[in-house]
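Next comes target30.cif, with mmCIF, C-alpha atoms and all ligand atoms.
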data_entry
#
loop_
_atom_site.group_PDB
_atom_site.id
_atom_site.type_symbol
_atom_site.label_atom_id
_atom_site.label_comp_id
_atom_site.auth_asym_id
_atom_site.auth_seq_id
_atom_site.Cartn_x
_atom_site.Cartn_y
_atom_site.Cartn_z
ATOM 1 C CA MET A 1 -88.456 -35.188 217.015
ATOM 2 C CA SER A 2 -88.132 -31.497 216.240
ATOM 3 C CA VAL A 3 -90.772 -29.900 214.023
ATOM 4 C CA ASP A 4 -89.811 -27.027 211.719
ATOM 5 C CA THR A 5 -92.570 -24.495 212.364
ATOM 6 C CA THR A 6 -91.451 -22.294 209.457
ATOM 7 C CA MET A 7 -92.174 -24.952 206.813
ATOM 8 C CA HIS A 8 -95.675 -23.669 206.013
ATOM 9 C CA VAL A 9 -94.293 -20.282 204.937
ATOM 10 C CA ALA A 10 -93.125 -20.538 201.317
ATOM 11 C CA ARG A 11 -89.667 -19.040 200.870
ATOM 12 C CA PRO A 12 -89.394 -16.505 198.051
ATOM 13 C CA THR A 13 -87.468 -17.829 195.072
ATOM 14 C CA ARG A 14 -85.619 -16.220 192.149
ATOM 15 C CA ARG A 15 -88.813 -16.750 190.122
ATOM 16 C CA ASP A 16 -90.758 -14.602 192.661
ATOM 17 C CA ALA A 17 -88.201 -11.828 192.195
ATOM 18 C CA TYR A 18 -88.639 -11.913 188.381
ATOM 19 C CA LEU A 19 -92.428 -11.908 188.730
ATOM 20 C CA ASP A 20 -92.191 -8.952 191.146
ATOM 21 C CA TRP A 21 -90.130 -7.063 188.552
ATOM 22 C CA LEU A 22 -92.688 -7.819 185.846
ATOM 23 C CA GLN A 23 -95.474 -6.688 188.176
ATOM 24 C CA MET A 24 -93.639 -3.427 188.837
ATOM 25 C CA LEU A 25 -92.834 -2.782 185.158
ATOM 26 C CA SER A 26 -96.381 -3.556 183.954
ATOM 27 C CA GLY A 27 -97.757 -1.360 186.765
ATOM 28 C CA ALA A 28 -95.430 1.516 185.843
ATOM 29 C CA ALA A 29 -96.449 1.225 182.157
ATOM 30 C CA LEU A 30 -100.130 1.332 183.169
ATOM 31 C CA VAL A 31 -99.544 4.396 185.381
ATOM 32 C CA LEU A 32 -97.975 6.208 182.405
ATOM 33 C CA PHE A 33 -100.864 5.112 180.193
ATOM 34 C CA MET A 34 -103.477 6.355 182.700
ATOM 35 C CA TRP A 35 -101.811 9.757 183.075
ATOM 36 C CA CYS A 36 -101.561 10.213 179.295
ATOM 37 C CA HIS A 37 -105.132 8.921 178.817
ATOM 38 C CA LEU A 38 -106.594 11.354 181.365
ATOM 39 C CA ILE A 39 -104.681 14.315 179.946
ATOM 40 C CA LEU A 40 -105.793 13.395 176.395
ATOM 41 C CA VAL A 41 -109.458 13.058 177.456
ATOM 42 C CA ALA A 42 -109.163 16.351 179.378
ATOM 43 C CA SER A 43 -108.042 18.072 176.154
ATOM 44 C CA VAL A 44 -111.807 18.574 175.670
ATOM 45 C CA VAL A 45 -111.505 21.354 178.263
ATOM 46 C CA ILE A 46 -109.271 23.296 175.837
ATOM 47 C CA GLY A 47 -111.739 22.555 173.057
ATOM 48 C CA PRO A 48 -113.732 19.666 171.512
ATOM 49 C CA SER A 49 -111.779 20.100 168.250
ATOM 50 C CA VAL A 50 -108.519 19.482 170.135
ATOM 51 C CA MET A 51 -109.887 16.210 171.562
ATOM 52 C CA ASN A 52 -111.238 15.197 168.121
ATOM 53 C CA ALA A 53 -107.866 15.871 166.463
ATOM 54 C CA ILE A 54 -106.037 13.761 169.061
ATOM 55 C CA ALA A 55 -108.577 10.924 168.699
ATOM 56 C CA GLU A 56 -108.258 11.069 164.903
ATOM 57 C CA PHE A 57 -104.468 10.804 165.185
ATOM 58 C CA PHE A 58 -104.713 7.687 167.383
ATOM 59 C CA GLU A 59 -107.256 6.061 165.063
ATOM 60 C CA SER A 60 -105.575 6.917 161.742
ATOM 61 C CA THR A 61 -102.320 5.396 163.048
ATOM 62 C CA TYR A 62 -104.282 2.363 164.407
ATOM 63 C CA MET A 63 -102.859 3.094 167.849
ATOM 64 C CA ALA A 64 -106.371 2.993 169.351
ATOM 65 C CA GLN A 65 -107.477 -0.161 167.495
ATOM 66 C CA VAL A 66 -104.251 -2.083 168.257
ATOM 67 C CA GLY A 67 -103.063 -0.272 171.403
ATOM 68 C CA GLY A 68 -106.492 -0.515 173.119
ATOM 69 C CA PRO A 69 -106.616 -4.346 173.213
ATOM 70 C CA LEU A 70 -102.893 -4.405 174.127
ATOM 71 C CA ILE A 71 -103.596 -2.136 177.102
ATOM 72 C CA PHE A 72 -106.354 -4.527 178.152
ATOM 73 C CA LEU A 73 -103.908 -7.469 177.954
ATOM 74 C CA LEU A 74 -101.379 -5.489 179.998
ATOM 75 C CA LEU A 75 -104.095 -4.759 182.591
ATOM 76 C CA LEU A 76 -104.924 -8.470 182.754
ATOM 77 C CA PHE A 77 -101.234 -9.461 182.946
ATOM 78 C CA HIS A 78 -100.663 -6.981 185.803
ATOM 79 C CA PHE A 79 -103.745 -8.302 187.624
ATOM 80 C CA VAL A 80 -102.715 -11.958 187.258
ATOM 81 C CA LEU A 81 -99.228 -11.165 188.620
ATOM 82 C CA ALA A 82 -100.683 -9.230 191.569
ATOM 83 C CA ALA A 83 -103.259 -11.991 192.173
ATOM 84 C CA ARG A 84 -100.401 -14.235 193.415
ATOM 85 C CA LYS A 85 -100.634 -12.305 196.675
ATOM 86 C CA ILE A 86 -104.390 -11.679 196.896
ATOM 87 C CA PRO A 87 -106.304 -13.939 199.293
ATOM 88 C CA PHE A 88 -109.308 -15.154 197.262
ATOM 89 C CA ARG A 89 -110.538 -17.653 199.872
ATOM 90 C CA ALA A 90 -112.681 -16.590 202.847
ATOM 91 C CA GLU A 91 -110.155 -17.802 205.491
ATOM 92 C CA GLY A 92 -107.364 -15.773 203.887
ATOM 93 C CA GLN A 93 -109.560 -12.680 203.692
ATOM 94 C CA THR A 94 -110.599 -12.964 207.349
ATOM 95 C CA THR A 95 -106.941 -13.352 208.352
ATOM 96 C CA ILE A 96 -105.714 -10.312 206.396
ATOM 97 C CA ILE A 97 -108.508 -8.114 207.800
ATOM 98 C CA ARG A 98 -107.744 -9.361 211.328
ATOM 99 C CA HIS A 99 -104.052 -8.596 210.813
ATOM 100 C CA ALA A 100 -104.810 -5.125 209.419
ATOM 101 C CA ARG A 101 -106.957 -4.376 212.502
ATOM 102 C CA MET A 102 -104.284 -5.735 214.810
ATOM 103 C CA LEU A 103 -101.364 -3.902 213.192
ATOM 104 C CA ARG A 104 -103.279 -0.587 212.990
ATOM 105 C CA HIS A 105 -100.844 0.551 210.326
ATOM 106 C CA ARG A 106 -102.000 2.809 207.500
ATOM 107 C CA ASP A 107 -99.899 1.015 204.877
ATOM 108 C CA THR A 108 -101.541 -2.350 205.618
ATOM 109 C CA TRP A 109 -104.960 -0.778 205.009
ATOM 110 C CA LEU A 110 -103.579 0.828 201.841
ATOM 111 C CA TRP A 111 -102.785 -2.666 200.542
ATOM 112 C CA LEU A 112 -106.433 -3.644 201.081
ATOM 113 C CA VAL A 113 -107.558 -0.520 199.210
ATOM 114 C CA GLN A 114 -105.218 -1.635 196.373
ATOM 115 C CA VAL A 115 -106.829 -5.074 196.202
ATOM 116 C CA VAL A 116 -110.436 -3.809 196.216
ATOM 117 C CA SER A 117 -109.754 -1.010 193.687
ATOM 118 C CA ALA A 118 -107.906 -3.513 191.449
ATOM 119 C CA MET A 119 -111.018 -5.714 191.140
ATOM 120 C CA VAL A 120 -113.261 -2.720 190.420
ATOM 121 C CA ILE A 121 -110.811 -1.351 187.814
ATOM 122 C CA LEU A 122 -110.461 -4.701 186.045
ATOM 123 C CA ILE A 123 -114.220 -5.098 185.612
ATOM 124 C CA MET A 124 -115.148 -1.461 184.946
ATOM 125 C CA GLY A 125 -112.034 -0.840 182.794
ATOM 126 C CA ALA A 126 -112.902 -3.833 180.596
ATOM 127 C CA ILE A 127 -116.515 -2.638 180.160
ATOM 128 C CA HIS A 128 -115.339 0.928 179.404
ATOM 129 C CA MET A 129 -112.756 -0.152 176.825
ATOM 130 C CA TRP A 130 -115.248 -2.458 175.107
ATOM 131 C CA VAL A 131 -117.861 0.322 174.873
ATOM 132 C CA VAL A 132 -115.419 2.949 173.535
ATOM 133 C CA LEU A 133 -113.428 0.717 171.174
ATOM 134 C CA THR A 134 -116.504 -0.941 169.606
ATOM 135 C CA ASP A 135 -117.993 2.504 168.900
ATOM 136 C CA LEU A 136 -115.132 4.203 167.024
ATOM 137 C CA PRO A 137 -114.438 6.902 165.992
ATOM 138 C CA ILE A 138 -114.004 8.710 169.306
ATOM 139 C CA THR A 139 -115.466 12.207 169.143
ATOM 140 C CA ALA A 140 -116.094 14.790 171.851
ATOM 141 C CA THR A 141 -119.797 14.923 170.854
ATOM 142 C CA LYS A 142 -120.223 11.149 171.223
ATOM 143 C CA SER A 143 -118.440 11.146 174.600
ATOM 144 C CA ALA A 144 -120.595 14.098 175.725
ATOM 145 C CA GLU A 145 -123.811 12.306 174.681
ATOM 146 C CA ARG A 146 -122.710 9.223 176.610
ATOM 147 C CA ILE A 147 -121.936 11.221 179.760
ATOM 148 C CA GLN A 148 -125.040 13.413 179.520
ATOM 149 C CA GLY A 149 -127.103 10.183 179.475
ATOM 150 C CA GLY A 150 -126.372 9.876 183.230
ATOM 151 C CA PHE A 151 -125.336 6.210 183.489
ATOM 152 C CA TRP A 152 -121.780 6.785 182.212
ATOM 153 C CA LEU A 153 -121.415 9.876 184.390
ATOM 154 C CA VAL A 154 -122.017 7.760 187.506
ATOM 155 C CA PHE A 155 -119.811 5.005 186.036
ATOM 156 C CA TYR A 156 -116.883 7.434 185.593
ATOM 157 C CA LEU A 157 -117.524 9.055 188.998
ATOM 158 C CA VAL A 158 -116.826 5.603 190.491
ATOM 159 C CA LEU A 159 -114.022 4.507 188.125
ATOM 160 C CA LEU A 160 -112.061 7.791 188.235
ATOM 161 C CA PRO A 161 -111.332 7.808 192.025
ATOM 162 C CA MET A 162 -110.675 4.042 191.951
ATOM 163 C CA VAL A 163 -108.043 4.487 189.224
ATOM 164 C CA GLU A 164 -106.430 7.494 190.869
ATOM 165 C CA LEU A 165 -106.337 5.816 194.306
ATOM 166 C CA HIS A 166 -104.826 2.679 192.780
ATOM 167 C CA VAL A 167 -102.224 4.564 190.739
ATOM 168 C CA SER A 168 -101.064 6.796 193.603
ATOM 169 C CA ILE A 169 -101.031 4.066 196.263
ATOM 170 C CA GLY A 170 -99.240 1.783 193.789
ATOM 171 C CA LEU A 171 -96.499 4.356 193.206
ATOM 172 C CA TYR A 172 -96.148 4.963 196.959
ATOM 173 C CA ARG A 173 -95.880 1.219 197.665
ATOM 174 C CA LEU A 174 -93.271 0.810 194.907
ATOM 175 C CA GLY A 175 -91.271 3.633 196.484
ATOM 176 C CA VAL A 176 -91.376 1.916 199.903
ATOM 177 C CA LYS A 177 -90.592 -1.529 198.456
ATOM 178 C CA TRP A 178 -87.577 -0.427 196.399
ATOM 179 C CA GLY A 179 -86.215 1.851 199.098
ATOM 180 C CA PHE A 180 -86.866 5.297 197.557
ATOM 181 C CA ILE A 181 -89.279 6.098 200.385
ATOM 182 C CA ARG A 182 -87.647 5.722 203.814
ATOM 183 C CA SER A 183 -88.666 6.817 207.301
ATOM 184 C CA ASP A 184 -86.971 10.217 206.807
ATOM 185 C CA ASN A 185 -88.968 11.130 203.679
ATOM 186 C CA ARG A 186 -92.117 9.063 204.273
ATOM 187 C CA ALA A 187 -94.218 12.034 205.452
ATOM 188 C CA ALA A 188 -93.334 14.012 202.303
ATOM 189 C CA ALA A 189 -94.076 10.960 200.117
ATOM 190 C CA LYS A 190 -97.515 10.554 201.737
ATOM 191 C CA LYS A 191 -98.221 14.219 201.033
ATOM 192 C CA ALA A 192 -97.121 13.804 197.395
ATOM 193 C CA GLU A 193 -99.368 10.725 197.112
ATOM 194 C CA GLY A 194 -102.360 12.760 198.376
ATOM 195 C CA ILE A 195 -101.618 15.660 196.028
ATOM 196 C CA LEU A 196 -101.329 13.282 193.049
ATOM 197 C CA ILE A 197 -104.725 11.714 193.811
ATOM 198 C CA LEU A 198 -106.427 15.099 194.146
ATOM 199 C CA LEU A 199 -104.733 16.570 191.055
ATOM 200 C CA PHE A 200 -105.794 13.773 188.706
ATOM 201 C CA ILE A 201 -109.305 13.554 190.176
ATOM 202 C CA ALA A 202 -109.609 17.312 189.607
ATOM 203 C CA ILE A 203 -108.461 16.961 185.964
ATOM 204 C CA GLY A 204 -110.952 14.102 185.429
ATOM 205 C CA LEU A 205 -113.809 16.062 187.040
ATOM 206 C CA LEU A 206 -113.045 19.124 184.909
ATOM 207 C CA ALA A 207 -113.285 16.957 181.774
ATOM 208 C CA LEU A 208 -116.581 15.427 182.963
ATOM 209 C CA ILE A 209 -118.025 18.903 183.659
ATOM 210 C CA ARG A 210 -116.948 20.019 180.166
ATOM 211 C CA PHE A 211 -118.648 16.956 178.608
ATOM 212 C CA LEU A 212 -121.807 17.744 180.592
ATOM 213 C CA THR A 213 -121.952 21.297 179.275
ATOM 214 C CA LEU A 214 -121.019 20.447 175.664
ATOM 215 C CA THR A 215 -123.771 20.927 173.101
ATOM 216 C CA ALA A 216 -123.617 19.403 169.618
HETATM 217 C C1 LIG B 1 -106.993 2.297 175.060
HETATM 218 C C2 LIG B 1 -108.124 2.139 175.662
HETATM 219 C C3 LIG B 1 -108.979 3.302 176.073
HETATM 220 C C4 LIG B 1 -109.604 4.237 175.307
HETATM 221 C C5 LIG B 1 -109.581 4.344 173.787
HETATM 222 C C6 LIG B 1 -110.316 5.123 176.206
HETATM 223 C C7 LIG B 1 -111.065 6.215 175.814
HETATM 224 C C8 LIG B 1 -111.792 7.051 176.636
HETATM 225 C C9 LIG B 1 -112.678 8.110 176.203
HETATM 226 C C10 LIG B 1 -112.954 8.492 174.769
HETATM 227 C C11 LIG B 1 -113.182 8.699 177.316
HETATM 228 C C12 LIG B 1 -114.176 9.866 177.368
HETATM 229 C C13 LIG B 1 -115.534 9.417 177.882
HETATM 230 C C14 LIG B 1 -116.303 8.546 176.899
HETATM 231 O O1 LIG B 1 -116.174 8.702 175.684
HETATM 232 O O2 LIG B 1 -117.078 7.698 177.379
HETATM 233 C C15 LIG B 1 -112.626 8.014 178.451
HETATM 234 C C16 LIG B 1 -112.857 8.339 179.765
HETATM 235 C C17 LIG B 1 -112.375 7.648 180.849
HETATM 236 N N1 LIG B 1 -111.587 6.510 180.830
HETATM 237 FE FE1 LIG B 1 -110.817 5.619 179.165
HETATM 238 N N2 LIG B 1 -110.098 4.727 177.495
HETATM 239 C C18 LIG B 1 -109.286 3.617 177.463
HETATM 240 C C19 LIG B 1 -108.816 2.894 178.542
HETATM 241 C C20 LIG B 1 -109.122 3.174 179.857
HETATM 242 C C21 LIG B 1 -108.690 2.385 180.985
HETATM 243 C C22 LIG B 1 -107.811 1.142 180.907
HETATM 244 C C23 LIG B 1 -109.189 2.985 182.084
HETATM 245 C C24 LIG B 1 -109.067 2.580 183.528
HETATM 246 C C25 LIG B 1 -109.146 1.359 183.907
HETATM 247 C C26 LIG B 1 -109.941 4.147 181.672
HETATM 248 C C27 LIG B 1 -110.591 5.018 182.523
HETATM 249 C C28 LIG B 1 -111.323 6.120 182.121
HETATM 250 C C29 LIG B 1 -111.942 7.065 183.033
HETATM 251 C C30 LIG B 1 -111.882 7.016 184.564
HETATM 252 C C31 LIG B 1 -112.593 8.022 182.239
HETATM 253 C C32 LIG B 1 -113.332 9.264 182.732
HETATM 254 C C33 LIG B 1 -112.329 10.394 182.631
HETATM 255 C C34 LIG B 1 -112.802 11.695 183.198
HETATM 256 O O3 LIG B 1 -113.090 11.782 184.387
HETATM 257 O O4 LIG B 1 -112.815 12.649 182.437
HETATM 258 N N3 LIG B 1 -109.871 4.234 180.319
HETATM 259 N N4 LIG B 1 -111.772 7.024 178.020
#
Using the file provided, produce a representation of the structure as structure tokens.
Ligand code: HEM
Amino acid sequence: MSVDTTMHVARPTRRDAYLDWLQMLSGAALVLFMWCHLILVASVVIGPSVMNAIAEFFESTYMAQVGGPLIFLLLLFHFVLAARKIPFRAEGQTTIIRHARMLRHRDTWLWLVQVVSAMVILIMGAIHMWVVLTDLPITATKSAERIQGGFWLVFYLVLLPMVELHVSIGLYRLGVKWGFIRSDNRAAAKKAEGILILLFIAIGLLALIRFLTLTA
């Protein structure tokens, strides 16, 4: 009797393709949100009144009150879709780490960075959104007081690189998956990925420094 040794590997279906599309689209929407969010927060560098005016606009149009929870739902939706491929059980985790060591390929390790940063972002992002959205209105002075307290400074110093790593690696992986990044332009894409991470971390750090030096 012949045994089909491939039976234990589930074949991708049309449903998997749709879910992959939804994962990509929700991820792309979150990337756009994060870039806009960081630039809006960094408006404090131009001046606290600029940040206050932007915050007032988002609150008077209810975009913060309604959009905030929607962003959280989108974050959760994106996580649940990605979780289809995350090994939550110990055996699966041991196997993926063994494979990453064996393959010695940077992109396999990047996938592990994606998984770990995703968990951190989900938890810390939820805490952050709860704290900010239950303490409206957003003002530069209130944000500065929070950050000068110390705890939130450390919190953002962890969350900021996690978000930027996740966003840039996510974009790079999308490029590879959908064929925009090929072997001929992979080196340039890796460079662009590195520049993107550093650029947004620099913008975030500038904003944090401005909050630290802001006096009421
Ligand atoms: C719509 C929901 C959100 C609102 C209204 C919001 C608002 C804010 C505000 C006002 C600040 C300034 C610091 C403070 O006041 O404590 C801030 C900083 C920050 N937020 Fe959000 N945020 C939202 C969603 C998110 C999400 C989903 C993430 C990532 C998961 C995130 C990551 C960060 C980070 C990393 C910082 C520090 C930025 C820096 O380095 O300058 N935020 N956010």
Which polymer residues have any atom within 9 Å of an atom of Ala192 in chain A, counting all atoms listed in the file, with same-chain residues fewer than 4 positions away left out, as an mmCIF file with C-alpha atoms, in the frame of the given file?
data_model
loop_
_atom_site.group_PDB
_atom_site.id
_atom_site.type_symbol
_atom_site.label_atom_id
_atom_site.label_comp_id
_atom_site.auth_asym_id
_atom_site.auth_seq_id
_atom_site.Cartn_x
_atom_site.Cartn_y
_atom_site.Cartn_z
ATOM 1 C CA SER A 168 -101.064 6.796 193.603
ATOM 2 C CA TYR A 172 -96.148 4.963 196.959
ATOM 3 C CA ALA A 187 -94.218 12.034 205.452
ATOM 4 C CA ALA A 188 -93.334 14.012 202.303
ATOM 5 C CA LEU A 196 -101.329 13.282 193.049
ATOM 6 C CA ILE A 197 -104.725 11.714 193.811
#
Neighbouring residues of Gly149 in chain A were defined as those with any atom within 12 Å, considering only C-alpha atoms; residues of the same chain fewer than 6 positions away were excluded. Please report them as a ChimeraX atom specification. /A:142-143,155,211-212
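Shell of Phe79 in chain A at 10 Å, with only C-alpha atoms counted and residues fewer than 2 places along the chain excluded, is A:Gln23, A:Ser26, A:Gly27, A:Leu73, A:Leu74, A:Leu75, A:Leu76, A:Phe77, A:Leu81, A:Ala82, A:Ala83, A:Arg84, A:Ile86, A:Val115, A:Ala118, A:Met119, A:Ile121, A:Leu122.
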Neighbouring residues of Ile201 in chain A were defined as those with any atom within 12 Å, considering only C-alpha atoms; residues of the same chain fewer than 6 positions away were excluded. Please report them as a PyMOL selection string. chain A and resi 34-35+38-39+42+156-165+167-168+194-195+207-208
Nearest residue to ligand LIG 1 (chain B) out of A:Gly68, A:Pro137, A:Pro48, A:Pro87, using only C-alpha atoms and all ligand atoms? A:Gly68
Need the neighbours of (-90.5, -6.1, 199.9): which residues are at most 9 Å away, counting all atoms listed in the file, as a PDB file with C-alpha atoms, in the frame of the given file?
ATOM      1  CA  LEU A 174     -93.271   0.810 194.907  1.00  0.00           C
ATOM      2  CA  VAL A 176     -91.376   1.916 199.903  1.00  0.00           C
ATOM      3  CA  LYS A 177     -90.592  -1.529 198.456  1.00  0.00           C
ATOM      4  CA  TRP A 178     -87.577  -0.427 196.399  1.00  0.00           C
TER       5      TRP A 178
END
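CA of His166 in chain A lies 23.1 Å from CA of Ile147 in chain A.
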Please write out, as JSON, where the centre of an axis-aligned box around all listed atoms of range 102-116 of chain A lies and how long its edges are, in Å to one decimal, after adding 3 Å on each side.
{"center_x": -105.2, "center_y": -1.5, "center_z": 205.5, "size_x": 16.5, "size_y": 14.5, "size_z": 24.6}
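Each of A:Ala100, A:Ala29, A:Leu112, A:Ala126 was checked against ligand LIG 1 (chain B) using only C-alpha atoms and all ligand atoms; the smallest atom-to-atom distance is that of A:Ala126.
The coordinates place CA of Val120 in chain A at 8.7 Å from atom C25 of ligand LIG 1 (chain B).
Atom N3 of ligand LIG 1 (chain B) to CA of Gly125 in chain A spans 6.0 Å [interatomic distance, one decimal].
This file, filtered with the PyMOL selection byres (((chain A and resi 58-67) around 12) and not hetatm), gives the residues Phe33, His37, Leu40, Met51, Asn52, Ala53, Ile54, Ala55, Glu56, Phe57, Gly68, Pro69, Leu70, Ile71, Phe72, Leu73, Leu74, Met129, Trp130, Val132, Leu133, Thr134, Asp135, Leu136, Pro137, Ile138 and Thr139 of chain A.
Of the residues under consideration (A:Leu153, A:Ile96, A:Val116, A:Leu199), A:Leu153 shows the shortest atom-to-atom contact distance to ligand LIG 1 (chain B) when counting all atoms listed in the file.
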Given all atoms listed in the file as the counted atoms, nearest of A:Val154, A:Met24, A:Cys36, A:Ala144 to ligand LIG 1 (chain B): A:Ala144
Repair of range 164-191 of chain A at the level of N, CA and C atoms, as a CSV table (one decimal), in the frame of the given file:
chain,number,residue,atom,x,y,z
A,164,GLU,N,-107.4,6.6,190.3
A,164,GLU,CA,-106.4,7.5,190.9
A,164,GLU,C,-105.9,7.0,192.2
A,165,LEU,N,-106.8,6.4,193.0
A,165,LEU,CA,-106.3,5.8,194.3
A,165,LEU,C,-105.3,4.7,194.0
A,166,HIS,N,-105.7,3.8,193.1
A,166,HIS,CA,-104.8,2.7,192.8
A,166,HIS,C,-103.5,3.1,192.2
A,167,VAL,N,-103.5,4.1,191.3
A,167,VAL,CA,-102.2,4.6,190.7
A,167,VAL,C,-101.3,5.2,191.8
A,168,SER,N,-101.9,6.1,192.6
A,168,SER,CA,-101.1,6.8,193.6
A,168,SER,C,-100.6,5.9,194.7
A,169,ILE,N,-101.5,5.0,195.2
A,169,ILE,CA,-101.0,4.1,196.3
A,169,ILE,C,-100.0,3.1,195.7
A,170,GLY,N,-100.2,2.7,194.4
A,170,GLY,CA,-99.2,1.8,193.8
A,170,GLY,C,-97.9,2.4,193.7
A,171,LEU,N,-97.8,3.7,193.3
A,171,LEU,CA,-96.5,4.4,193.2
A,171,LEU,C,-95.8,4.5,194.6
A,172,TYR,N,-96.7,4.8,195.6
A,172,TYR,CA,-96.1,5.0,197.0
A,172,TYR,C,-95.6,3.6,197.4
A,173,ARG,N,-96.3,2.5,197.2
A,173,ARG,CA,-95.9,1.2,197.7
A,173,ARG,C,-94.6,0.8,197.0
A,174,LEU,N,-94.5,1.1,195.7
A,174,LEU,CA,-93.3,0.8,194.9
A,174,LEU,C,-92.1,1.5,195.5
A,175,GLY,N,-92.3,2.8,195.9
A,175,GLY,CA,-91.3,3.6,196.5
A,175,GLY,C,-90.8,3.0,197.8
A,176,VAL,N,-91.7,2.5,198.6
A,176,VAL,CA,-91.4,1.9,199.9
A,176,VAL,C,-90.6,0.6,199.6
A,177,LYS,N,-91.2,-0.2,198.7
A,177,LYS,CA,-90.6,-1.5,198.5
A,177,LYS,C,-89.2,-1.5,197.9
A,178,TRP,N,-88.9,-0.5,197.0
A,178,TRP,CA,-87.6,-0.4,196.4
A,178,TRP,C,-86.7,0.6,197.1
A,179,GLY,N,-87.1,1.1,198.3
A,179,GLY,CA,-86.2,1.9,199.1
A,179,GLY,C,-86.1,3.3,198.8
A,180,PHE,N,-86.9,3.9,197.8
A,180,PHE,CA,-86.9,5.3,197.6
A,180,PHE,C,-87.5,6.1,198.7
A,181,ILE,N,-88.6,5.4,199.3
A,181,ILE,CA,-89.3,6.1,200.4
A,181,ILE,C,-88.8,5.4,201.7
A,182,ARG,N,-88.2,6.2,202.5
A,182,ARG,CA,-87.6,5.7,203.8
A,182,ARG,C,-88.3,6.5,204.9
A,183,SER,N,-87.9,6.2,206.2
A,183,SER,CA,-88.7,6.8,207.3
A,183,SER,C,-88.4,8.3,207.3
A,184,ASP,N,-87.2,8.8,206.8
A,184,ASP,CA,-87.0,10.2,206.8
A,184,ASP,C,-87.8,11.0,205.8
A,185,ASN,N,-88.2,10.4,204.7
A,185,ASN,CA,-89.0,11.1,203.7
A,185,ASN,C,-90.4,10.6,203.5
A,186,ARG,N,-90.8,9.7,204.4
A,186,ARG,CA,-92.1,9.1,204.3
A,186,ARG,C,-93.3,10.1,204.4
A,187,ALA,N,-93.1,11.0,205.3
A,187,ALA,CA,-94.2,12.0,205.5
A,187,ALA,C,-94.4,12.8,204.2
A,188,ALA,N,-93.3,13.2,203.6
A,188,ALA,CA,-93.3,14.0,202.3
A,188,ALA,C,-93.9,13.2,201.2
A,189,ALA,N,-93.6,11.9,201.2
A,189,ALA,CA,-94.1,11.0,200.1
A,189,ALA,C,-95.6,10.8,200.2
A,190,LYS,N,-96.1,10.7,201.5
A,190,LYS,CA,-97.5,10.6,201.7
A,190,LYS,C,-98.3,11.8,201.2
A,191,LYS,N,-97.6,13.0,201.5
A,191,LYS,CA,-98.2,14.2,201.0
A,191,LYS,C,-98.3,14.2,199.5
